[in-house]
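Participant: Compact mmCIF, C-alpha atoms, file coords.txt:
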```
# COMPACT_ATOMS: atom_id res chain seq x y z
CA MET B 1 170.41 -121.85 -106.31
CA GLU B 2 170.75 -119.03 -103.77
CA ILE B 3 169.80 -115.44 -104.61
CA GLY B 4 173.43 -114.26 -104.66
CA GLU B 5 174.39 -116.96 -107.18
CA ARG B 6 171.33 -116.09 -109.28
CA LEU B 7 172.31 -112.42 -109.41
CA LYS B 8 175.97 -113.21 -110.17
CA GLU B 9 174.95 -115.55 -113.00
CA ALA B 10 172.72 -112.84 -114.52
CA ARG B 11 175.57 -110.30 -114.25
CA GLU B 12 178.02 -112.60 -116.02
CA GLU B 13 175.45 -113.30 -118.75
CA GLN B 14 175.33 -109.53 -119.32
CA ASN B 15 179.18 -109.42 -119.40
CA LEU B 16 179.14 -106.85 -116.60
CA SER B 17 182.01 -106.42 -114.15
CA LEU B 18 181.51 -105.43 -110.53
CA GLU B 19 183.16 -102.09 -111.30
CA SER B 20 180.69 -101.26 -114.09
CA LEU B 21 177.79 -102.44 -111.91
CA GLN B 22 179.02 -100.13 -109.14
CA GLU B 23 178.99 -97.19 -111.57
CA THR B 24 175.42 -98.04 -112.67
CA THR B 25 173.85 -98.65 -109.26
CA LYS B 26 176.08 -96.31 -107.18
CA ILE B 27 176.40 -99.20 -104.66
CA GLN B 28 179.93 -99.84 -103.39
CA LYS B 29 181.71 -102.87 -104.81
CA ARG B 30 182.17 -104.50 -101.40
CA TYR B 31 178.40 -104.48 -100.87
CA LEU B 32 177.84 -106.03 -104.33
CA GLU B 33 180.31 -108.80 -103.50
CA ALA B 34 178.58 -109.40 -100.16
CA ILE B 35 175.21 -109.82 -101.92
CA GLU B 36 176.66 -112.35 -104.37
CA GLN B 37 178.19 -114.30 -101.46
CA GLY B 38 174.95 -114.17 -99.44
CA ASN B 39 176.79 -112.30 -96.66
CA PHE B 40 174.00 -109.84 -95.79
CA LYS B 41 175.49 -109.07 -92.37
CA ILE B 42 178.12 -106.80 -93.96
CA LEU B 43 175.38 -104.51 -95.37
CA PRO B 44 174.39 -101.37 -93.38
CA GLY B 45 171.11 -103.01 -92.28
CA THR B 46 168.32 -105.38 -93.25
CA PHE B 47 166.38 -102.53 -94.87
CA TYR B 48 169.30 -101.79 -97.21
CA ALA B 49 169.68 -105.48 -98.10
CA ARG B 50 166.31 -105.45 -99.87
CA ALA B 51 166.96 -102.04 -101.48
CA PHE B 52 170.43 -103.06 -102.78
CA ILE B 53 169.11 -106.40 -104.13
CA LYS B 54 166.36 -104.56 -106.04
CA GLU B 55 168.95 -102.19 -107.56
CA TYR B 56 171.24 -105.12 -108.48
CA ALA B 57 168.37 -107.12 -110.06
CA ALA B 58 167.13 -104.18 -112.15
CA ALA B 59 170.67 -103.48 -113.41
CA VAL B 60 171.18 -107.10 -114.67
CA GLY B 61 167.74 -107.41 -116.30
CA LEU B 62 165.84 -109.35 -113.62
CA ASP B 63 162.41 -108.44 -112.19
CA PRO B 64 163.16 -107.15 -108.65
CA ASN B 65 159.70 -107.90 -107.24
CA GLU B 66 159.57 -111.47 -108.58
CA LEU B 67 163.10 -112.11 -107.31
CA LEU B 68 162.29 -110.81 -103.80
CA GLU B 69 159.11 -112.92 -103.70
CA GLU B 70 160.94 -116.05 -104.84
CA TYR B 71 163.70 -115.70 -102.25
CA LYS B 72 161.70 -114.01 -99.46
CA GLU B 73 162.70 -116.74 -96.97
CA GLU B 74 166.39 -116.14 -97.68
CA ILE B 75 166.39 -112.31 -97.55
CA PRO B 76 166.48 -110.66 -94.09
CA GLN B 77 163.14 -109.12 -93.13
CA ALA B 78 163.18 -105.37 -92.45
CA GLU B 79 159.67 -104.88 -91.05
CA GLU B 80 160.67 -104.66 -87.39
CA GLU B 81 163.63 -102.37 -88.11
CA SER B 82 161.52 -100.06 -90.30
CA THR B 83 158.78 -99.92 -87.66
CA VAL B 84 161.26 -98.90 -84.96
CA GLN B 85 162.89 -96.33 -87.24
CA TYR B 86 159.59 -94.72 -88.28
CA SER B 87 158.35 -94.69 -84.68
CA HIS B 88 161.49 -92.80 -83.66
CA ILE B 89 161.08 -90.32 -86.53
CA HIS B 90 157.37 -89.71 -85.86
CA ARG B 91 158.00 -89.31 -82.13
CA SER B 92 160.77 -86.76 -82.84
CA ARG B 93 158.49 -84.78 -85.15
CA LYS B 94 155.68 -84.81 -82.58
CA ASN B 95 158.01 -83.50 -79.86
CA ASN B 96 159.33 -80.76 -82.21
CA ASN B 97 155.78 -79.64 -83.09
CA ALA B 98 154.79 -79.51 -79.40
CA GLN B 99 157.86 -77.45 -78.59
CA LYS B 100 157.11 -75.02 -81.46
CA ASN B 101 153.51 -74.53 -80.24
CA THR B 102 154.75 -73.85 -76.70
CA ASN B 103 157.24 -71.25 -77.99
CA ILE B 104 154.52 -69.48 -79.99
CA PHE B 105 152.14 -69.19 -77.02
CA SER B 106 154.91 -67.94 -74.74
CA PHE B 107 155.73 -65.23 -77.29
CA ILE B 108 152.18 -63.77 -77.42
CA PRO B 109 152.38 -61.71 -74.16
CA THR B 110 155.58 -60.05 -75.37
CA VAL B 111 153.92 -59.07 -78.67
CA ILE B 112 150.96 -57.54 -76.82
CA VAL B 113 153.28 -55.43 -74.62
CA VAL B 114 155.25 -54.20 -77.64
CA LEU B 115 152.07 -53.20 -79.49
CA LEU B 116 150.80 -51.38 -76.40
CA VAL B 117 154.03 -49.37 -76.09
CA ILE B 118 153.91 -48.47 -79.79
CA GLY B 119 150.28 -47.33 -79.39
CA ILE B 120 151.20 -45.06 -76.47
CA PHE B 121 154.05 -43.44 -78.41
CA PHE B 122 151.73 -42.91 -81.39
CA VAL B 123 149.10 -41.14 -79.24
CA VAL B 124 151.77 -38.89 -77.66
CA TRP B 125 153.12 -38.04 -81.10
CA LEU B 126 149.64 -37.07 -82.38
CA PHE B 127 149.07 -34.87 -79.32
CA TYR B 128 152.41 -33.14 -79.85
CA GLN B 129 151.64 -32.49 -83.54
CA GLU B 130 148.27 -30.94 -82.74
CA THR B 131 149.79 -28.75 -80.02
CA ALA B 132 152.60 -27.56 -82.28
CA SER B 133 150.17 -26.66 -85.09
CA GLU B 134 148.15 -24.43 -82.73
CA GLU B 135 151.13 -22.42 -81.54
CA ILE B 136 151.84 -19.09 -83.28
CA THR B 137 155.48 -18.86 -84.16
CA GLU B 138 157.41 -15.81 -85.24
CA PRO B 139 158.97 -15.73 -88.72
CA GLU B 140 162.42 -17.26 -88.76
CA GLN B 141 165.14 -14.63 -88.88
CA PRO B 142 168.01 -15.15 -91.31
CA GLN B 143 171.34 -16.06 -89.79
CA ASP B 144 174.30 -13.73 -90.01
CA ASP B 145 176.10 -15.87 -92.63
CA GLN B 146 173.04 -15.98 -94.93
CA GLU B 147 172.63 -13.40 -97.64
CA VAL B 148 169.03 -12.32 -98.22
CA THR B 149 167.79 -10.22 -101.16
CA TYR B 150 164.44 -8.48 -101.47
CA ASP B 151 162.34 -7.44 -104.42
CA ASP B 152 160.98 -3.92 -104.96
CA ASP B 153 158.02 -4.60 -102.61
CA GLY B 154 160.34 -5.64 -99.78
CA ASP B 155 159.42 -9.33 -99.89
CA ASN B 156 162.05 -12.00 -99.25
CA GLN B 157 163.07 -13.17 -102.76
CA GLU B 158 166.00 -15.57 -102.20
CA ASN B 159 167.81 -17.11 -99.27
CA LYS B 160 171.16 -18.23 -100.56
CA GLY B 161 171.90 -20.19 -97.35
CA SER B 162 169.07 -22.65 -98.16
CA GLY B 163 171.00 -23.86 -101.22
CA ASP B 164 173.54 -25.59 -99.03
CA GLU B 165 170.80 -27.40 -97.15
CA SER B 166 169.23 -28.57 -100.44
CA ASP B 167 172.58 -29.91 -101.69
CA ALA B 168 173.11 -31.81 -98.43
CA ALA B 169 169.62 -33.36 -98.73
CA SER B 170 170.37 -34.48 -102.33
CA ASP B 171 173.65 -36.10 -101.25
CA SER B 172 171.84 -37.94 -98.43
CA GLU B 173 169.17 -39.28 -100.83
CA SER B 174 171.87 -40.49 -103.26
CA GLU B 175 173.67 -42.35 -100.49
CA ASN B 176 170.42 -43.99 -99.33
CA SER B 177 169.54 -45.15 -102.87
CA GLY B 178 173.06 -46.59 -103.22
CA ASP B 179 172.62 -48.56 -99.99
CA LYS B 180 169.28 -49.95 -101.17
CA SER B 181 170.82 -50.99 -104.51
CA THR B 182 173.61 -52.86 -102.70
CA GLU B 183 171.09 -54.64 -100.46
CA GLY B 184 169.05 -55.71 -103.52
CA GLU B 185 172.13 -57.16 -105.25
CA SER B 186 173.00 -59.10 -102.07
CA GLU B 187 169.53 -60.66 -101.93
CA LYS B 188 169.64 -61.65 -105.61
CA SER B 189 172.94 -63.49 -105.15
CA LYS B 190 171.59 -65.70 -102.35
CA PRO B 191 172.06 -69.47 -103.05
CA GLU B 192 168.84 -71.31 -103.92
CA PHE B 193 167.80 -74.75 -105.22
CA VAL B 194 165.93 -75.28 -108.50
CA VAL B 195 164.37 -78.69 -109.27
CA GLU B 196 165.41 -79.75 -112.79
CA GLU B 197 163.90 -83.26 -112.78
CA LYS B 198 161.68 -85.00 -110.21
CA GLY B 199 162.62 -88.66 -110.05
CA THR B 200 160.21 -91.55 -110.64
CA GLY B 201 160.30 -95.25 -109.89
CA SER B 202 161.70 -96.94 -106.82
CA PRO B 203 164.09 -95.56 -105.80
CA PRO B 204 163.51 -92.20 -107.56
CA GLU B 205 166.54 -90.45 -109.09
CA SER B 206 166.08 -86.65 -109.16
CA THR B 207 168.20 -83.72 -110.40
CA VAL B 208 168.39 -80.26 -108.77
CA THR B 209 170.59 -77.19 -109.38
CA LEU B 210 172.13 -74.97 -106.68
CA GLU B 211 172.27 -71.45 -108.15
CA ASN B 212 174.63 -68.69 -106.90
CA ALA B 213 176.84 -71.09 -104.95
CA SER B 214 180.00 -69.78 -103.26
CA ASP B 215 183.55 -70.92 -104.08
CA GLU B 216 184.10 -72.64 -100.71
CA ILE B 217 181.03 -74.88 -100.61
CA THR B 218 180.25 -77.41 -97.88
CA ALA B 219 177.39 -79.88 -97.28
CA THR B 220 176.15 -80.36 -93.70
CA ILE B 221 174.13 -83.48 -92.84
CA GLU B 222 171.94 -83.55 -89.70
CA ALA B 223 170.40 -86.89 -88.64
CA SER B 224 167.35 -87.51 -86.45
CA GLY B 225 167.74 -91.30 -86.82
CA ASP B 226 169.98 -93.93 -88.40
CA SER B 227 170.48 -93.66 -92.19
CA TRP B 228 173.01 -94.87 -94.74
CA LEU B 229 174.53 -92.13 -96.96
CA ASP B 230 176.80 -92.22 -100.01
CA VAL B 231 178.20 -88.97 -101.51
CA GLN B 232 180.21 -88.97 -104.78
CA ASN B 233 181.39 -86.32 -107.22
CA ASP B 234 180.73 -86.53 -110.97
CA ALA B 235 184.03 -88.37 -111.45
CA GLY B 236 182.76 -91.21 -109.26
CA GLU B 237 185.10 -90.39 -106.36
CA SER B 238 183.61 -91.07 -102.92
CA LEU B 239 183.38 -87.97 -100.72
CA PHE B 240 181.55 -89.77 -97.90
CA SER B 241 180.08 -93.24 -97.38
CA GLY B 242 178.65 -94.80 -94.24
CA MET B 243 176.01 -94.65 -91.56
CA VAL B 244 174.87 -91.29 -90.16
CA SER B 245 172.98 -91.12 -86.86
CA ALA B 246 171.96 -88.58 -84.24
CA ASP B 247 175.06 -89.55 -82.26
CA ASN B 248 177.65 -88.69 -84.94
CA SER B 249 175.87 -85.79 -86.72
CA PRO B 250 176.26 -83.17 -87.95
CA VAL B 251 178.56 -84.50 -90.70
CA GLU B 252 180.30 -81.97 -92.98
CA VAL B 253 181.40 -82.86 -96.53
CA ASP B 254 183.69 -80.56 -98.54
CA LEU B 255 182.25 -80.01 -102.05
CA ALA B 256 184.77 -77.38 -103.23
CA GLY B 257 185.80 -77.93 -106.84
CA ALA B 258 182.85 -80.20 -107.67
CA ASP B 259 180.47 -79.27 -110.51
CA ARG B 260 178.00 -82.06 -109.76
CA VAL B 261 177.51 -84.19 -106.62
CA TRP B 262 175.62 -87.48 -106.15
CA PHE B 263 173.66 -88.12 -102.93
CA SER B 264 172.32 -91.64 -102.30
CA VAL B 265 170.17 -91.52 -99.14
CA GLY B 266 168.99 -94.70 -97.44
CA SER B 267 166.39 -93.07 -95.17
CA ALA B 268 165.39 -89.61 -96.41
CA PRO B 269 163.05 -88.76 -93.46
CA ALA B 270 165.96 -89.21 -91.05
CA LEU B 271 168.43 -86.89 -92.90
CA ASP B 272 168.39 -83.10 -93.37
CA ILE B 273 170.92 -81.93 -96.00
CA THR B 274 172.10 -78.29 -96.12
CA ILE B 275 174.46 -77.13 -98.92
CA ASP B 276 176.16 -73.73 -98.83
CA GLY B 277 173.80 -72.67 -96.05
CA THR B 278 170.66 -73.59 -98.05
CA ALA B 279 168.41 -76.50 -97.04
CA LEU B 280 167.82 -79.17 -99.70
CA GLU B 281 164.19 -80.23 -99.96
CA TYR B 282 163.79 -83.73 -101.41
CA PRO B 283 162.01 -83.47 -104.81
CA VAL B 284 160.00 -86.61 -103.93
CA ASN B 285 158.05 -86.80 -100.64
CA PRO B 286 160.42 -88.65 -98.23
CA ASP B 287 157.45 -90.22 -96.43
CA GLU B 288 156.43 -91.90 -99.70
CA GLU B 289 159.93 -92.80 -100.96
CA VAL B 290 162.40 -93.44 -98.13
CA PHE B 291 165.33 -94.50 -100.36
CA GLN B 292 166.21 -91.59 -102.72
CA LYS B 293 168.98 -90.59 -105.11
CA VAL B 294 169.65 -86.92 -105.96
CA TRP B 295 172.08 -85.31 -108.41
CA VAL B 296 173.01 -81.77 -107.30
CA LYS B 297 174.44 -79.48 -110.02
CA ILE B 298 176.48 -76.57 -108.61
CA ASN B 299 176.45 -73.20 -110.40
CA LYS B 300 178.82 -70.67 -108.87
CA ALA B 301 177.74 -67.03 -108.46
CA GLY B 302 178.67 -64.93 -111.49
CA GLU B 303 178.95 -67.90 -113.86
```
Rewrite the coordinates I just gave you, this time as structure tokens.
Facilitator:
Amino acid sequence: MEIGERLKEAREEQNLSLESLQETTKIQKRYLEAIEQGNFKILPGTFYARAFIKEYAAAVGLDPNELLEEYKEEIPQAEEESTVQYSHIHRSRKNNNAQKNTNIFSFIPTVIVVLLVIGIFFVVWLFYQETASEEITEPEQPQDDQEVTYDDDGDNQENKGSGDESDAASDSESENSGDKSTEGESEKSKPEFVVEEKGTGSPPESTVTLENASDEITATIEASGDSWLDVQNDAGESLFSGMVSADNSPVEVDLAGADRVWFSVGSAPALDITIDGTALEYPVNPDEEVFQKVWVKINKAGE
């Protein structure tokens, strides 16, 4: 009996339809049918064939590892493909790190020049302050529009003109404090991710919350290599499904109106996901778990 027939028989024993199995595993129905028929060529790649079979087996009550070992000659091998993919990812990261180091060293001379200029201005300012303190200045004479009163000894008791200057200074301070308050509120309302549950197992299924999200929310997917991606809302409707590569990225997915979104990522190291301008960090280390599933809850600002 072939592996596809074995899985189909186990599904029918559990009285599970392909539609219910799709809801459980988040794998599209056409891929489930291809596995049962042994048509692995229709799957996104040999790496995903093994991952999908493990998901299928676990959902129908079979031991995934024993099943893969028993039918290892029948299942496409993904070692060569994974090696090529990881080599491409590691090479890209190495090139990015080298470029960052080069940019840092080229920036150092500019920093030194700026600090030197600031030091010169500071020395000139100190010299000016010392010179001004040594000069003897005459008492300031009241202006014509200022009314000055004197006490019995002839000393200056009150300068009514200074009241206007004090009021102007108070108004300026009030405006500055108002600006600072507005800036603080803007920073507090910035979107940010909070990890609710870090997934376990293989593949791990995690849950995160995006706080302070905007009304018009979009997900942007950047790819450094080839990866399969499936995006669904909480109603099970597909928002995006297919392969993402460096050639066709970035990919934008409209998430407006969704309260919760499902991301099933075939190769996490190859995909960078940004939602509402905020980068999503995978709760589980992508170098340890390549195939990951993430639920993203969306909380709008002010809710």
Participant: Near segment 45-61 of chain B, counting all atoms listed in the file, which residues have an atom at most 7 Å away, once you skip same-chain residues fewer than 6 positions from it, shown as a PyMOL selection string?
Facilitator: chain B and resi 7+10-11+14+25+76-78
Participant: Would you save the residues from that selection as a PDB file, keeping the file's coordinate frame, using C-alpha atoms?
Facilitator:
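Below is the file that was written, again-v9.pdb:
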```pdb
ATOM      1  CA  LEU B   7     172.310-112.420-109.410  1.00  0.00           C
ATOM      2  CA  ALA B  10     172.720-112.840-114.520  1.00  0.00           C
ATOM      3  CA  ARG B  11     175.570-110.300-114.250  1.00  0.00           C
ATOM      4  CA  GLN B  14     175.330-109.530-119.320  1.00  0.00           C
ATOM      5  CA  THR B  25     173.850 -98.650-109.260  1.00  0.00           C
ATOM      6  CA  PRO B  76     166.480-110.660 -94.090  1.00  0.00           C
ATOM      7  CA  GLN B  77     163.140-109.120 -93.130  1.00  0.00           C
ATOM      8  CA  ALA B  78     163.180-105.370 -92.450  1.00  0.00           C
TER       9      ALA B  78
END
```
Participant: Show me, as a list in words, the residues that have an atom within 9 Å of Arg30 of chain B when counting all atoms listed in the file, minus same-chain residues fewer than 4 positions from it.
Facilitator: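 Counting all atoms listed in the file, the residues come to Ala34, Ile35 and Ile42 of chain B.
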Participant: Please work out which residues fall within 12 Å of (165.9, -89.8, -99.3), coordinates as given in the file, with all atoms listed in the file counting, and return them as a PyMOL selection string.
Facilitator: chain B and resi 199+202-206+223+227-230+263-273+280-295
Participant: So that I can see what lies close to Ala256 of chain B, please list as number ranges by chain the residues with an atom at most 12 Å from it, counting all atoms listed in the file and leaving out residues fewer than 2 positions away in the same chain.
Facilitator: B: 213-219, 233, 239, 253-254, 258-261, 275-276, 298-300
Participant: Report, in Å with one decimal, the straight-line distance from atom CA of Thr207 of chain B to atom CA of Gln28 of chain B.
Facilitator: 21.1 Å
Participant: Which is closer to Ala279 of chain B than all the others in B:Glu192, B:Val251, B:Ala235, B:Phe240, using only C-alpha atoms?
Facilitator: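 Among the listed residues, the smallest separation from Ala279 of chain B belongs to B:Glu192.
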Participant: So how many Å separate atom CA of Pro250 of chain B and atom CA of Ser224 of chain B, to one decimal?
Facilitator: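 Answer for the atom CA of Pro250 of chain B to atom CA of Ser224 of chain B separation: 10.0 Å.
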Participant: Quick one: of B:Glu197, B:Glu70, B:Asp234, B:Glu222, who's nearest to Lys26 of chain B, counting all atoms listed in the file?
Facilitator: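 Of B:Glu197, B:Glu70, B:Asp234, B:Glu222, the one nearest Lys26 of chain B is B:Asp234, counting all atoms listed in the file.
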